[in-house]
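Dropping entry-v3.pdb in here (PDB, C-alpha atoms):
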ATOM      1  CA  MET W  17      82.629  12.762  56.280
ATOM      2  CA  ALA W  18      79.447  14.599  55.347
ATOM      3  CA  PRO W  19      76.149  13.011  56.437
ATOM      4  CA  ALA W  20      74.775  10.746  53.737
ATOM      5  CA  ALA W  21      71.596  11.874  52.029
ATOM      6  CA  ASP W  22      70.101   8.374  52.286
ATOM      7  CA  GLY W  23      70.321   8.324  56.073
ATOM      8  CA  LYS W  24      73.405   6.105  56.143
ATOM      9  CA  VAL W  25      75.431   6.822  59.268
ATOM     10  CA  THR W  26      78.880   8.288  58.597
ATOM     11  CA  GLY W  27      81.437  10.421  60.419
ATOM     12  CA  LEU W  28      81.908  10.621  64.158
ATOM     13  CA  LEU W  29      79.459   9.597  66.853
ATOM     14  CA  ALA W  30      80.319  10.311  70.474
ATOM     15  CA  ALA W  31      79.678   7.422  72.823
ATOM     16  CA  THR W  32      78.145   9.536  75.555
ATOM     17  CA  PHE W  33      78.814   9.408  79.277
ATOM     18  CA  THR W  34      75.822   9.172  81.602
ATOM     19  CA  PRO W  35      75.532  12.272  83.800
ATOM     20  CA  LEU W  36      75.017  11.391  87.457
ATOM     21  CA  THR W  37      74.582  13.515  90.561
ATOM     22  CA  ALA W  38      77.098  13.371  93.389
ATOM     23  CA  GLN W  39      74.674  10.915  95.023
ATOM     24  CA  GLY W  40      74.796   8.649  91.985
ATOM     25  CA  GLU W  41      71.363   9.404  90.527
ATOM     26  CA  VAL W  42      70.705  10.135  86.847
ATOM     27  CA  ASN W  43      71.099  13.859  86.127
ATOM     28  CA  LEU W  44      69.013  14.723  83.075
ATOM     29  CA  SER W  45      69.665  18.464  83.344
ATOM     30  CA  VAL W  46      73.172  18.082  81.900
ATOM     31  CA  ILE W  47      72.076  16.402  78.661
ATOM     32  CA  GLY W  48      70.946  19.570  76.845
ATOM     33  CA  PRO W  49      74.233  21.430  77.466
ATOM     34  CA  TYR W  50      76.113  18.203  76.664
ATOM     35  CA  VAL W  51      74.521  17.990  73.190
ATOM     36  CA  ASP W  52      75.314  21.655  72.561
ATOM     37  CA  TYR W  53      78.921  21.137  73.632
ATOM     38  CA  LEU W  54      79.394  18.210  71.253
ATOM     39  CA  LYS W  55      77.953  20.117  68.323
ATOM     40  CA  GLU W  56      79.472  23.535  68.944
ATOM     41  CA  LYS W  57      82.857  22.737  70.510
ATOM     42  CA  GLN W  58      83.715  19.331  69.085
ATOM     43  CA  GLY W  59      81.942  19.357  65.733
ATOM     44  CA  VAL W  60      80.361  15.997  66.533
ATOM     45  CA  LYS W  61      76.922  15.464  65.007
ATOM     46  CA  GLY W  62      76.045  11.966  66.104
ATOM     47  CA  ILE W  63      75.624  10.237  69.459
ATOM     48  CA  PHE W  64      75.594   6.648  70.654
ATOM     49  CA  VAL W  65      73.833   6.595  74.011
ATOM     50  CA  ASN W  66      73.572   4.096  76.874
ATOM     51  CA  GLY W  67      76.526   2.088  75.606
ATOM     52  CA  THR W  68      79.664   0.953  77.401
ATOM     53  CA  THR W  69      80.853   4.523  77.961
ATOM     54  CA  GLY W  70      77.365   5.320  79.262
ATOM     55  CA  GLU W  71      77.670   2.523  81.866
ATOM     56  CA  SER W  72      74.519   0.886  80.525
ATOM     57  CA  MET W  73      75.078  -2.401  82.292
ATOM     58  CA  SER W  74      75.153  -0.553  85.619
ATOM     59  CA  LEU W  75      71.848   1.213  84.940
ATOM     60  CA  SER W  76      68.325  -0.024  85.513
ATOM     61  CA  VAL W  77      65.930  -0.431  82.587
ATOM     62  CA  ALA W  78      63.905   2.514  83.936
ATOM     63  CA  GLU W  79      67.027   4.706  84.062
ATOM     64  CA  ARG W  80      68.005   3.730  80.543
ATOM     65  CA  LYS W  81      64.532   4.698  79.311
ATOM     66  CA  VAL W  82      64.520   8.180  80.828
ATOM     67  CA  LEU W  83      68.059   8.779  79.596
ATOM     68  CA  ALA W  84      67.280   7.623  76.060
ATOM     69  CA  GLU W  85      64.188   9.796  75.961
ATOM     70  CA  GLU W  86      66.075  12.891  77.100
ATOM     71  CA  TRP W  87      68.957  12.294  74.689
ATOM     72  CA  CYS W  88      66.525  11.908  71.776
ATOM     73  CA  LEU W  89      64.591  14.999  72.833
ATOM     74  CA  LYS W  90      67.614  17.245  73.224
ATOM     75  CA  ALA W  91      69.375  15.909  70.124
ATOM     76  CA  LYS W  92      66.414  16.492  67.814
ATOM     77  CA  GLY W  93      67.352  19.075  65.198
ATOM     78  CA  LYS W  94      70.944  19.207  66.454
ATOM     79  CA  MET W  95      72.348  15.738  65.859
ATOM     80  CA  ASP W  96      72.277  13.864  62.556
ATOM     81  CA  SER W  97      72.069  10.484  64.302
ATOM     82  CA  THR W  98      70.995   9.304  67.744
ATOM     83  CA  ILE W  99      71.561   5.586  68.150
ATOM     84  CA  VAL W 100      70.310   4.042  71.386
ATOM     85  CA  HIS W 101      72.034   0.933  72.692
ATOM     86  CA  VAL W 102      69.392  -1.475  74.030
ATOM     87  CA  GLY W 103      71.410  -4.627  74.703
ATOM     88  CA  CYS W 104      70.975  -6.337  78.081
ATOM     89  CA  MET W 105      71.699  -9.675  79.697
ATOM     90  CA  SER W 106      67.962 -10.400  79.467
ATOM     91  CA  LEU W 107      66.238 -10.796  76.104
ATOM     92  CA  LYS W 108      63.023  -9.398  77.581
ATOM     93  CA  ASP W 109      64.756  -6.257  78.851
ATOM     94  CA  SER W 110      66.437  -5.755  75.475
ATOM     95  CA  GLN W 111      63.085  -6.071  73.703
ATOM     96  CA  ASP W 112      61.489  -3.645  76.152
ATOM     97  CA  LEU W 113      64.205  -1.057  75.498
ATOM     98  CA  ALA W 114      63.982  -1.617  71.734
ATOM     99  CA  ARG W 115      60.238  -0.922  71.740
ATOM    100  CA  HIS W 116      60.814   2.162  73.857
ATOM    101  CA  ALA W 117      63.528   3.463  71.505
ATOM    102  CA  ALA W 118      61.055   3.235  68.629
ATOM    103  CA  GLU W 119      58.446   5.138  70.627
ATOM    104  CA  ILE W 120      60.760   8.046  71.490
ATOM    105  CA  GLY W 121      62.060   8.618  67.970
ATOM    106  CA  ALA W 122      65.550   7.140  68.084
ATOM    107  CA  ASP W 123      67.313   7.003  64.721
ATOM    108  CA  GLY W 124      68.475   3.458  65.337
ATOM    109  CA  ILE W 125      69.190   0.818  67.944
ATOM    110  CA  ALA W 126      72.319  -1.167  68.700
ATOM    111  CA  VAL W 127      72.576  -4.452  70.543
ATOM    112  CA  ILE W 128      75.525  -6.001  72.322
ATOM    113  CA  SER W 129      75.827  -9.730  72.960
ATOM    114  CA  PRO W 130      74.787 -11.040  76.369
ATOM    115  CA  SER W 131      77.951 -11.768  78.298
ATOM    116  CA  PHE W 132      76.966 -13.773  81.380
ATOM    117  CA  PHE W 133      75.279 -16.616  79.525
ATOM    118  CA  LYS W 134      77.286 -16.221  76.339
ATOM    119  CA  PRO W 135      76.142 -17.361  72.904
ATOM    120  CA  LYS W 136      78.380 -20.251  71.866
ATOM    121  CA  SER W 137      77.942 -19.766  68.149
ATOM    122  CA  ALA W 138      77.077 -17.201  65.483
ATOM    123  CA  HIS W 139      73.730 -18.985  65.098
ATOM    124  CA  ALA W 140      72.824 -18.450  68.775
ATOM    125  CA  LEU W 141      73.912 -14.812  68.691
ATOM    126  CA  ARG W 142      71.992 -14.160  65.462
ATOM    127  CA  ARG W 143      68.831 -15.612  67.014
ATOM    128  CA  PHE W 144      69.173 -13.299  70.015
ATOM    129  CA  LEU W 145      69.688 -10.257  67.793
ATOM    130  CA  GLN W 146      66.723 -11.246  65.633
ATOM    131  CA  GLU W 147      64.396 -11.446  68.612
ATOM    132  CA  VAL W 148      65.425  -7.982  69.789
ATOM    133  CA  ALA W 149      65.047  -6.508  66.311
ATOM    134  CA  LEU W 150      61.519  -7.886  66.039
ATOM    135  CA  ALA W 151      60.507  -5.641  68.955
ATOM    136  CA  ALA W 152      61.325  -2.555  66.852
ATOM    137  CA  PRO W 153      60.680  -3.740  63.285
ATOM    138  CA  ASN W 154      60.991  -0.302  61.679
ATOM    139  CA  LEU W 155      64.189   0.936  63.317
ATOM    140  CA  PRO W 156      67.652   0.630  61.753
ATOM    141  CA  PHE W 157      69.488  -2.097  63.653
ATOM    142  CA  TYR W 158      73.212  -2.308  64.440
ATOM    143  CA  TYR W 159      75.165  -5.148  65.984
ATOM    144  CA  TYR W 160      77.627  -3.902  68.609
ATOM    145  CA  THR W 161      80.686  -6.041  69.291
ATOM    146  CA  ILE W 162      83.173  -5.305  72.066
ATOM    147  CA  PRO W 163      84.866  -8.610  72.920
ATOM    148  CA  ALA W 164      87.266  -7.145  75.493
ATOM    149  CA  PHE W 165      84.222  -6.499  77.706
ATOM    150  CA  THR W 166      81.827  -9.287  76.719
ATOM    151  CA  GLY W 167      84.286 -12.117  76.243
ATOM    152  CA  VAL W 168      82.254 -13.088  73.163
ATOM    153  CA  ASN W 169      84.682 -13.785  70.328
ATOM    154  CA  VAL W 170      82.301 -15.005  67.636
ATOM    155  CA  PRO W 171      83.636 -13.570  64.349
ATOM    156  CA  VAL W 172      81.457 -10.664  63.297
ATOM    157  CA  ARG W 173      81.767 -11.733  59.668
ATOM    158  CA  ASP W 174      79.946 -14.954  60.623
ATOM    159  CA  VAL W 175      77.243 -13.005  62.443
ATOM    160  CA  ILE W 176      76.415 -10.781  59.467
ATOM    161  CA  GLU W 177      76.274 -13.525  56.828
ATOM    162  CA  ASP W 178      72.878 -13.127  55.098
ATOM    163  CA  ILE W 179      71.754 -11.210  58.194
ATOM    164  CA  GLU W 180      69.062  -9.260  56.361
ATOM    165  CA  LYS W 181      67.147 -12.502  55.847
ATOM    166  CA  LEU W 182      66.755 -12.570  59.639
ATOM    167  CA  ILE W 183      66.785  -8.823  60.323
ATOM    168  CA  PRO W 184      65.509  -6.817  57.338
ATOM    169  CA  THR W 185      66.319  -3.565  59.172
ATOM    170  CA  PHE W 186      69.987  -4.467  59.678
ATOM    171  CA  ARG W 187      72.117  -1.420  58.878
ATOM    172  CA  GLY W 188      75.581  -2.151  60.166
ATOM    173  CA  VAL W 189      78.093  -2.867  62.896
ATOM    174  CA  LYS W 190      79.730  -0.973  65.711
ATOM    175  CA  PHE W 191      83.031  -2.820  65.706
ATOM    176  CA  SER W 192      84.883  -2.148  68.973
ATOM    177  CA  GLY W 193      87.586  -4.747  68.621
ATOM    178  CA  SER W 194      91.181  -4.814  67.443
ATOM    179  CA  ASP W 195      90.850  -7.748  65.023
ATOM    180  CA  LEU W 196      91.395  -5.968  61.723
ATOM    181  CA  LEU W 197      91.122  -9.254  59.814
ATOM    182  CA  ASP W 198      87.530  -9.698  60.980
ATOM    183  CA  PHE W 199      86.877  -5.973  60.538
ATOM    184  CA  GLY W 200      88.196  -5.987  56.991
ATOM    185  CA  GLN W 201      86.050  -8.972  56.088
ATOM    186  CA  CYS W 202      83.020  -7.120  57.463
ATOM    187  CA  VAL W 203      83.812  -4.078  55.308
ATOM    188  CA  SER W 204      84.336  -6.300  52.274
ATOM    189  CA  TYR W 205      80.956  -7.993  52.790
ATOM    190  CA  SER W 206      79.121  -4.813  53.803
ATOM    191  CA  GLN W 207      76.128  -3.821  51.698
ATOM    192  CA  PRO W 208      75.894  -0.290  50.200
ATOM    193  CA  HIS W 209      73.246   0.822  52.711
ATOM    194  CA  TRP W 210      75.164  -0.470  55.746
ATOM    195  CA  SER W 211      77.539   1.470  57.988
ATOM    196  CA  VAL W 212      80.601  -0.241  59.418
ATOM    197  CA  LEU W 213      81.581   1.978  62.349
ATOM    198  CA  TYR W 214      84.885   1.490  64.138
ATOM    199  CA  GLY W 215      85.113   1.761  67.898
ATOM    200  CA  VAL W 216      88.790   1.628  68.899
ATOM    201  CA  ASP W 217      89.647   5.319  68.840
ATOM    202  CA  GLU W 218      93.409   4.946  69.001
ATOM    203  CA  GLN W 219      93.374   2.778  65.845
ATOM    204  CA  LEU W 220      90.865   4.729  63.756
ATOM    205  CA  LEU W 221      93.242   5.599  60.917
ATOM    206  CA  ALA W 222      93.867   1.909  60.210
ATOM    207  CA  ALA W 223      90.119   1.313  60.097
ATOM    208  CA  LEU W 224      89.594   4.238  57.716
ATOM    209  CA  ALA W 225      92.214   2.766  55.405
ATOM    210  CA  MET W 226      90.242  -0.484  55.404
ATOM    211  CA  GLY W 227      86.997   1.295  54.549
ATOM    212  CA  ALA W 228      85.263   2.238  57.791
ATOM    213  CA  ASN W 229      82.241   4.459  57.136
ATOM    214  CA  GLY W 230      82.619   6.271  60.444
ATOM    215  CA  ALA W 231      83.462   5.802  64.088
ATOM    216  CA  VAL W 232      81.854   5.612  67.518
ATOM    217  CA  GLY W 233      84.032   6.352  70.512
ATOM    218  CA  SER W 234      84.319   7.826  73.976
ATOM    219  CA  THR W 235      87.289  10.094  73.251
ATOM    220  CA  TYR W 236      85.308  11.911  70.563
ATOM    221  CA  ASN W 237      83.475  13.585  73.437
ATOM    222  CA  TYR W 238      86.577  15.693  74.067
ATOM    223  CA  MET W 239      88.818  15.051  71.032
ATOM    224  CA  GLY W 240      86.175  15.071  68.302
ATOM    225  CA  CYS W 241      87.439  18.304  66.772
ATOM    226  CA  TYR W 242      90.897  16.793  66.282
ATOM    227  CA  VAL W 243      89.548  13.506  64.950
ATOM    228  CA  ASN W 244      87.428  15.393  62.419
ATOM    229  CA  GLN W 245      90.702  16.918  61.222
ATOM    230  CA  LEU W 246      92.193  13.419  61.004
ATOM    231  CA  ILE W 247      89.275  12.220  58.866
ATOM    232  CA  SER W 248      89.458  15.270  56.607
ATOM    233  CA  ALA W 249      93.199  14.768  56.131
ATOM    234  CA  PHE W 250      92.694  11.102  55.303
ATOM    235  CA  GLU W 251      89.958  11.878  52.793
ATOM    236  CA  THR W 252      92.164  14.398  50.991
ATOM    237  CA  GLY W 253      95.121  12.017  50.892
ATOM    238  CA  ASP W 254      97.185  13.900  53.478
ATOM    239  CA  LEU W 255      98.387  10.848  55.369
ATOM    240  CA  VAL W 256     101.195  12.730  57.098
ATOM    241  CA  THR W 257      98.707  14.990  58.890
ATOM    242  CA  ALA W 258      96.331  12.099  59.553
ATOM    243  CA  ARG W 259      99.109  10.042  61.121
ATOM    244  CA  THR W 260     100.335  12.990  63.187
ATOM    245  CA  ILE W 261      96.886  13.420  64.747
ATOM    246  CA  GLN W 262      96.461   9.668  65.284
ATOM    247  CA  PHE W 263      99.844   9.476  66.987
ATOM    248  CA  LYS W 264      98.826  12.328  69.325
ATOM    249  CA  ILE W 265      95.671  10.444  70.277
ATOM    250  CA  GLN W 266      97.727   7.306  70.846
ATOM    251  CA  GLU W 267     100.159   9.242  73.020
ATOM    252  CA  LEU W 268      97.352  10.453  75.281
ATOM    253  CA  VAL W 269      95.533   7.114  75.435
ATOM    254  CA  GLY W 270      98.770   5.216  75.992
ATOM    255  CA  TYR W 271      99.678   7.537  78.852
ATOM    256  CA  ALA W 272      96.226   7.181  80.399
ATOM    257  CA  ILE W 273      96.355   3.381  80.124
ATOM    258  CA  LYS W 274      99.511   3.341  82.246
ATOM    259  CA  LEU W 275      97.550   5.190  84.947
ATOM    260  CA  GLY W 276      94.536   2.863  84.700
ATOM    261  CA  PHE W 277      92.328   4.162  81.885
ATOM    262  CA  ASP W 278      88.777   3.070  82.697
ATOM    263  CA  ILE W 279      85.312   4.662  82.602
ATOM    264  CA  GLY W 280      86.029   6.627  85.780
ATOM    265  CA  VAL W 281      89.239   8.132  84.393
ATOM    266  CA  ASN W 282      87.666   8.750  80.989
ATOM    267  CA  LYS W 283      84.634  10.472  82.494
ATOM    268  CA  GLN W 284      86.844  12.698  84.627
ATOM    269  CA  LEU W 285      88.887  13.702  81.583
ATOM    270  CA  MET W 286      85.667  14.683  79.788
ATOM    271  CA  MET W 287      84.636  16.807  82.774
ATOM    272  CA  GLU W 288      88.019  18.520  82.908
ATOM    273  CA  VAL W 289      88.014  19.346  79.189
ATOM    274  CA  SER W 290      84.329  20.258  78.778
ATOM    275  CA  GLY W 291      83.447  21.714  82.171
ATOM    276  CA  LEU W 292      80.254  19.648  82.217
ATOM    277  CA  PRO W 293      79.261  18.269  85.650
ATOM    278  CA  LEU W 294      78.950  14.597  84.755
ATOM    279  CA  GLY W 295      79.354  13.262  88.273
ATOM    280  CA  PRO W 296      81.088  10.069  89.389
ATOM    281  CA  PRO W 297      80.876   6.666  87.733
ATOM    282  CA  ARG W 298      78.594   4.098  89.329
ATOM    283  CA  LEU W 299      80.018   1.343  91.501
ATOM    284  CA  PRO W 300      81.841  -0.947  91.088
ATOM    285  CA  VAL W 301      83.733   1.541  88.882
ATOM    286  CA  MET W 302      85.663   3.926  91.112
ATOM    287  CA  PRO W 303      86.176   7.672  90.560
ATOM    288  CA  CYS W 304      89.429   8.814  89.035
ATOM    289  CA  PRO W 305      92.071   9.516  91.710
ATOM    290  CA  PRO W 306      92.698  13.301  91.816
ATOM    291  CA  ASN W 307      96.436  12.934  91.213
ATOM    292  CA  HIS W 308      95.807  10.843  88.089
ATOM    293  CA  SER W 309      93.260  13.343  86.837
ATOM    294  CA  LYS W 310      95.761  16.163  87.172
ATOM    295  CA  LEU W 311      98.475  14.246  85.332
ATOM    296  CA  ILE W 312      96.214  13.204  82.442
ATOM    297  CA  ILE W 313      94.740  16.656  81.873
ATOM    298  CA  GLN W 314      98.260  18.112  81.890
ATOM    299  CA  LYS W 315      99.227  15.544  79.273
ATOM    300  CA  TYR W 316      96.145  16.414  77.205
ATOM    301  CA  HIS W 317      97.037  20.111  77.168
ATOM    302  CA  SER W 318     100.696  19.432  76.426
ATOM    303  CA  ILE W 319      99.701  17.412  73.344
ATOM    304  CA  PHE W 320      96.809  19.451  71.933
ATOM    305  CA  ASP W 321      97.352  23.053  73.063
TER     306      ASP W 321
END
Take the structure in this file and express it as structure tokens.
Amino acid sequence: MAPAADGKVTGLLAATFTPLTAQGEVNLSVIGPYVDYLKEKQGVKGIFVNGTTGESMSLSVAERKVLAEEWCLKAKGKMDSTIVHVGCMSLKDSQDLARHAAEIGADGIAVISPSFFKPKSAHALRRFLQEVALAAPNLPFYYYTIPAFTGVNVPVRDVIEDIEKLIPTFRGVKFSGSDLLDFGQCVSYSQPHWSVLYGVDEQLLAALAMGANGAVGSTYNYMGCYVNQLISAFETGDLVTARTIQFKIQELVGYAIKLGFDIGVNKQLMMEVSGLPLGPPRLPVMPCPPNHSKLIIQKYHSIFD
């Protein structure tokens, strides 16, 4: 997928990991080489920062600000899109991060639903999103749904009904759920200037068939080059090749799930493939056990080498 001339987000965006030192502090020095790696080695030209993969809910607001600023700085002129996730449990914190994202030149903001005090209806969720969007009234706005983590199962199709009346800057959805009925209805309702981005990497081909404009995912950090081949094959009608690549991704992810595929394991796999020193995850997420790391990287090489 070539970048759209009108600024519409398409293609792959890597959901970036947050580099930490061995002591668990934010390590900004890795971000520049990280951006270069994504562009040069993986062919990925978009990033989604401070999201689930970036452990945003385990970071302070101050940490999220310095990270967002560094990602935007280092991505300028190298990435087509830098979307900063600003969702928090607190409306005030989300608004603070939204204002900051506008100040540092982010290309867009995304907001996840609060998940401790959960919205009980689409109306409540829409009101929350509207209040965050008002803090950055000129930035493209994306709703980010990931019900497996938030426990919020409000249909996205209900959330986006006439959404531009509430949020004029609304530009799409990061749909990280497996409900293809809801996803399909979102694509069907989507406006021409919106982007419906799929976020379940191991099911991307199904989402492309239903009309996804692009994808945001953690595995694109280290499998982006292969997924770009999948997208190209799909776009040229070569479904055999597209399926073959998707099945390889499923084989790796399925294997990793059996060993406990979480942020710690995923981050370790990225370090093994890229060589970037991303550090450990932050507690309560535990580092990947060394024996699991060895098995998963062996599986990766057996599938893709």
request  = May I have the residues within 6 Å of Asn66 (chain W) as a PyMOL selection string, using only C-alpha atoms and disregarding those fewer than 3 positions away in the same chain?
outcome  = chain W and resi 70+72+101
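The residue that comes closest to Leu182 (chain W), out of W:Val148, W:Val170, W:Ala78, W:Leu196 and on the basis of only C-alpha atoms, is W:Val148.
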query = For this file, the PyMOL selection byres ((chain W and resi 84) around 12) selects which residues, as a VMD selection string?
reply = chain W and resid 32 34 42 44 47 63 to 67 70 72 75 77 to 83 85 to 91 98 to 102 113 to 125
Residues of the last selection are to be written out with C-alpha atoms, as an mmCIF file, in the frame of the given file.
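again14.cif, freshly written:
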data_model
loop_
_atom_site.group_PDB
_atom_site.id
_atom_site.type_symbol
_atom_site.label_atom_id
_atom_site.label_comp_id
_atom_site.auth_asym_id
_atom_site.auth_seq_id
_atom_site.Cartn_x
_atom_site.Cartn_y
_atom_site.Cartn_z
ATOM 1 C CA THR W 32 78.145 9.536 75.555
ATOM 2 C CA THR W 34 75.822 9.172 81.602
ATOM 3 C CA VAL W 42 70.705 10.135 86.847
ATOM 4 C CA LEU W 44 69.013 14.723 83.075
ATOM 5 C CA ILE W 47 72.076 16.402 78.661
ATOM 6 C CA ILE W 63 75.624 10.237 69.459
ATOM 7 C CA PHE W 64 75.594 6.648 70.654
ATOM 8 C CA VAL W 65 73.833 6.595 74.011
ATOM 9 C CA ASN W 66 73.572 4.096 76.874
ATOM 10 C CA GLY W 67 76.526 2.088 75.606
ATOM 11 C CA GLY W 70 77.365 5.320 79.262
ATOM 12 C CA SER W 72 74.519 0.886 80.525
ATOM 13 C CA LEU W 75 71.848 1.213 84.940
ATOM 14 C CA VAL W 77 65.930 -0.431 82.587
ATOM 15 C CA ALA W 78 63.905 2.514 83.936
ATOM 16 C CA GLU W 79 67.027 4.706 84.062
ATOM 17 C CA ARG W 80 68.005 3.730 80.543
ATOM 18 C CA LYS W 81 64.532 4.698 79.311
ATOM 19 C CA VAL W 82 64.520 8.180 80.828
ATOM 20 C CA LEU W 83 68.059 8.779 79.596
ATOM 21 C CA GLU W 85 64.188 9.796 75.961
ATOM 22 C CA GLU W 86 66.075 12.891 77.100
ATOM 23 C CA TRP W 87 68.957 12.294 74.689
ATOM 24 C CA CYS W 88 66.525 11.908 71.776
ATOM 25 C CA LEU W 89 64.591 14.999 72.833
ATOM 26 C CA LYS W 90 67.614 17.245 73.224
ATOM 27 C CA ALA W 91 69.375 15.909 70.124
ATOM 28 C CA THR W 98 70.995 9.304 67.744
ATOM 29 C CA ILE W 99 71.561 5.586 68.150
ATOM 30 C CA VAL W 100 70.310 4.042 71.386
ATOM 31 C CA HIS W 101 72.034 0.933 72.692
ATOM 32 C CA VAL W 102 69.392 -1.475 74.030
ATOM 33 C CA LEU W 113 64.205 -1.057 75.498
ATOM 34 C CA ALA W 114 63.982 -1.617 71.734
ATOM 35 C CA ARG W 115 60.238 -0.922 71.740
ATOM 36 C CA HIS W 116 60.814 2.162 73.857
ATOM 37 C CA ALA W 117 63.528 3.463 71.505
ATOM 38 C CA ALA W 118 61.055 3.235 68.629
ATOM 39 C CA GLU W 119 58.446 5.138 70.627
ATOM 40 C CA ILE W 120 60.760 8.046 71.490
ATOM 41 C CA GLY W 121 62.060 8.618 67.970
ATOM 42 C CA ALA W 122 65.550 7.140 68.084
ATOM 43 C CA ASP W 123 67.313 7.003 64.721
ATOM 44 C CA GLY W 124 68.475 3.458 65.337
ATOM 45 C CA ILE W 125 69.190 0.818 67.944
#
Could you tell me, as a compact mmCIF listing (two decimals) with C-alpha atoms, in the coordinates of the input, exactly which residues end up selected when the PyMOL selection byres ((chain W and resi 301-314) around 8) is applied to this structure?
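As written to disk, part-v5.txt reads:
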# COMPACT_ATOMS: atom_id res chain seq x y z
CA LEU W 268 97.35 10.45 75.28
CA TYR W 271 99.68 7.54 78.85
CA ALA W 272 96.23 7.18 80.40
CA LEU W 275 97.55 5.19 84.95
CA ILE W 279 85.31 4.66 82.60
CA GLY W 280 86.03 6.63 85.78
CA VAL W 281 89.24 8.13 84.39
CA GLN W 284 86.84 12.70 84.63
CA LEU W 285 88.89 13.70 81.58
CA GLU W 288 88.02 18.52 82.91
CA VAL W 289 88.01 19.35 79.19
CA PRO W 296 81.09 10.07 89.39
CA PRO W 297 80.88 6.67 87.73
CA ARG W 298 78.59 4.10 89.33
CA LEU W 299 80.02 1.34 91.50
CA PRO W 300 81.84 -0.95 91.09
CA LYS W 315 99.23 15.54 79.27
CA TYR W 316 96.14 16.41 77.20
CA HIS W 317 97.04 20.11 77.17
CA SER W 318 100.70 19.43 76.43
request  = Quote the spacing between CA of Leu29 (chain W) and CA of Gly233 (chain W) in Å to one decimal place.
outcome  = 6.7 Å
key: One-decimal distance in Å that lies between CA of Gly167 (chain W) and CA of Phe132 (chain W)   =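 We find that CA of Phe132 (chain W) and CA of Gly167 (chain W) lie 9.1 Å from each other.
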request  = Would you mind reading off the distance between CA of Tyr53 (chain W) and CA of Leu292 (chain W), one decimal, in Å?
outcome  = 8.8 Å
key: Val46 (chain W) surroundings by all atoms listed in the file, 8 Å radius, close-in-sequence under 6 positions cut, as a ChimeraX atom specification   = /W:35,292-294
Contacts of Tyr159 (chain W) within 12 Å, all atoms listed in the file, excl. fewer than 3 positions in-chain, as number ranges by chain = W: 99-103, 124-130, 141-142, 144-146, 148-149, 156, 162, 172-173, 175-176, 179, 183, 185-192, 202, 210-214
Selected residues, C-alpha atoms, written as a PDB file, in the frame of the given file, please.
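Done, and the output landed in out.pdb:
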ATOM      1  CA  ILE W  99      71.561   5.586  68.150  1.00  0.00           C
ATOM      2  CA  VAL W 100      70.310   4.042  71.386  1.00  0.00           C
ATOM      3  CA  HIS W 101      72.034   0.933  72.692  1.00  0.00           C
ATOM      4  CA  VAL W 102      69.392  -1.475  74.030  1.00  0.00           C
ATOM      5  CA  GLY W 103      71.410  -4.627  74.703  1.00  0.00           C
ATOM      6  CA  GLY W 124      68.475   3.458  65.337  1.00  0.00           C
ATOM      7  CA  ILE W 125      69.190   0.818  67.944  1.00  0.00           C
ATOM      8  CA  ALA W 126      72.319  -1.167  68.700  1.00  0.00           C
ATOM      9  CA  VAL W 127      72.576  -4.452  70.543  1.00  0.00           C
ATOM     10  CA  ILE W 128      75.525  -6.001  72.322  1.00  0.00           C
ATOM     11  CA  SER W 129      75.827  -9.730  72.960  1.00  0.00           C
ATOM     12  CA  PRO W 130      74.787 -11.040  76.369  1.00  0.00           C
ATOM     13  CA  LEU W 141      73.912 -14.812  68.691  1.00  0.00           C
ATOM     14  CA  ARG W 142      71.992 -14.160  65.462  1.00  0.00           C
ATOM     15  CA  PHE W 144      69.173 -13.299  70.015  1.00  0.00           C
ATOM     16  CA  LEU W 145      69.688 -10.257  67.793  1.00  0.00           C
ATOM     17  CA  GLN W 146      66.723 -11.246  65.633  1.00  0.00           C
ATOM     18  CA  VAL W 148      65.425  -7.982  69.789  1.00  0.00           C
ATOM     19  CA  ALA W 149      65.047  -6.508  66.311  1.00  0.00           C
ATOM     20  CA  PRO W 156      67.652   0.630  61.753  1.00  0.00           C
ATOM     21  CA  ILE W 162      83.173  -5.305  72.066  1.00  0.00           C
ATOM     22  CA  VAL W 172      81.457 -10.664  63.297  1.00  0.00           C
ATOM     23  CA  ARG W 173      81.767 -11.733  59.668  1.00  0.00           C
ATOM     24  CA  VAL W 175      77.243 -13.005  62.443  1.00  0.00           C
ATOM     25  CA  ILE W 176      76.415 -10.781  59.467  1.00  0.00           C
ATOM     26  CA  ILE W 179      71.754 -11.210  58.194  1.00  0.00           C
ATOM     27  CA  ILE W 183      66.785  -8.823  60.323  1.00  0.00           C
ATOM     28  CA  THR W 185      66.319  -3.565  59.172  1.00  0.00           C
ATOM     29  CA  PHE W 186      69.987  -4.467  59.678  1.00  0.00           C
ATOM     30  CA  ARG W 187      72.117  -1.420  58.878  1.00  0.00           C
ATOM     31  CA  GLY W 188      75.581  -2.151  60.166  1.00  0.00           C
ATOM     32  CA  VAL W 189      78.093  -2.867  62.896  1.00  0.00           C
ATOM     33  CA  LYS W 190      79.730  -0.973  65.711  1.00  0.00           C
ATOM     34  CA  PHE W 191      83.031  -2.820  65.706  1.00  0.00           C
ATOM     35  CA  SER W 192      84.883  -2.148  68.973  1.00  0.00           C
ATOM     36  CA  CYS W 202      83.020  -7.120  57.463  1.00  0.00           C
ATOM     37  CA  TRP W 210      75.164  -0.470  55.746  1.00  0.00           C
ATOM     38  CA  SER W 211      77.539   1.470  57.988  1.00  0.00           C
ATOM     39  CA  VAL W 212      80.601  -0.241  59.418  1.00  0.00           C
ATOM     40  CA  LEU W 213      81.581   1.978  62.349  1.00  0.00           C
ATOM     41  CA  TYR W 214      84.885   1.490  64.138  1.00  0.00           C
TER      42      TYR W 214
END
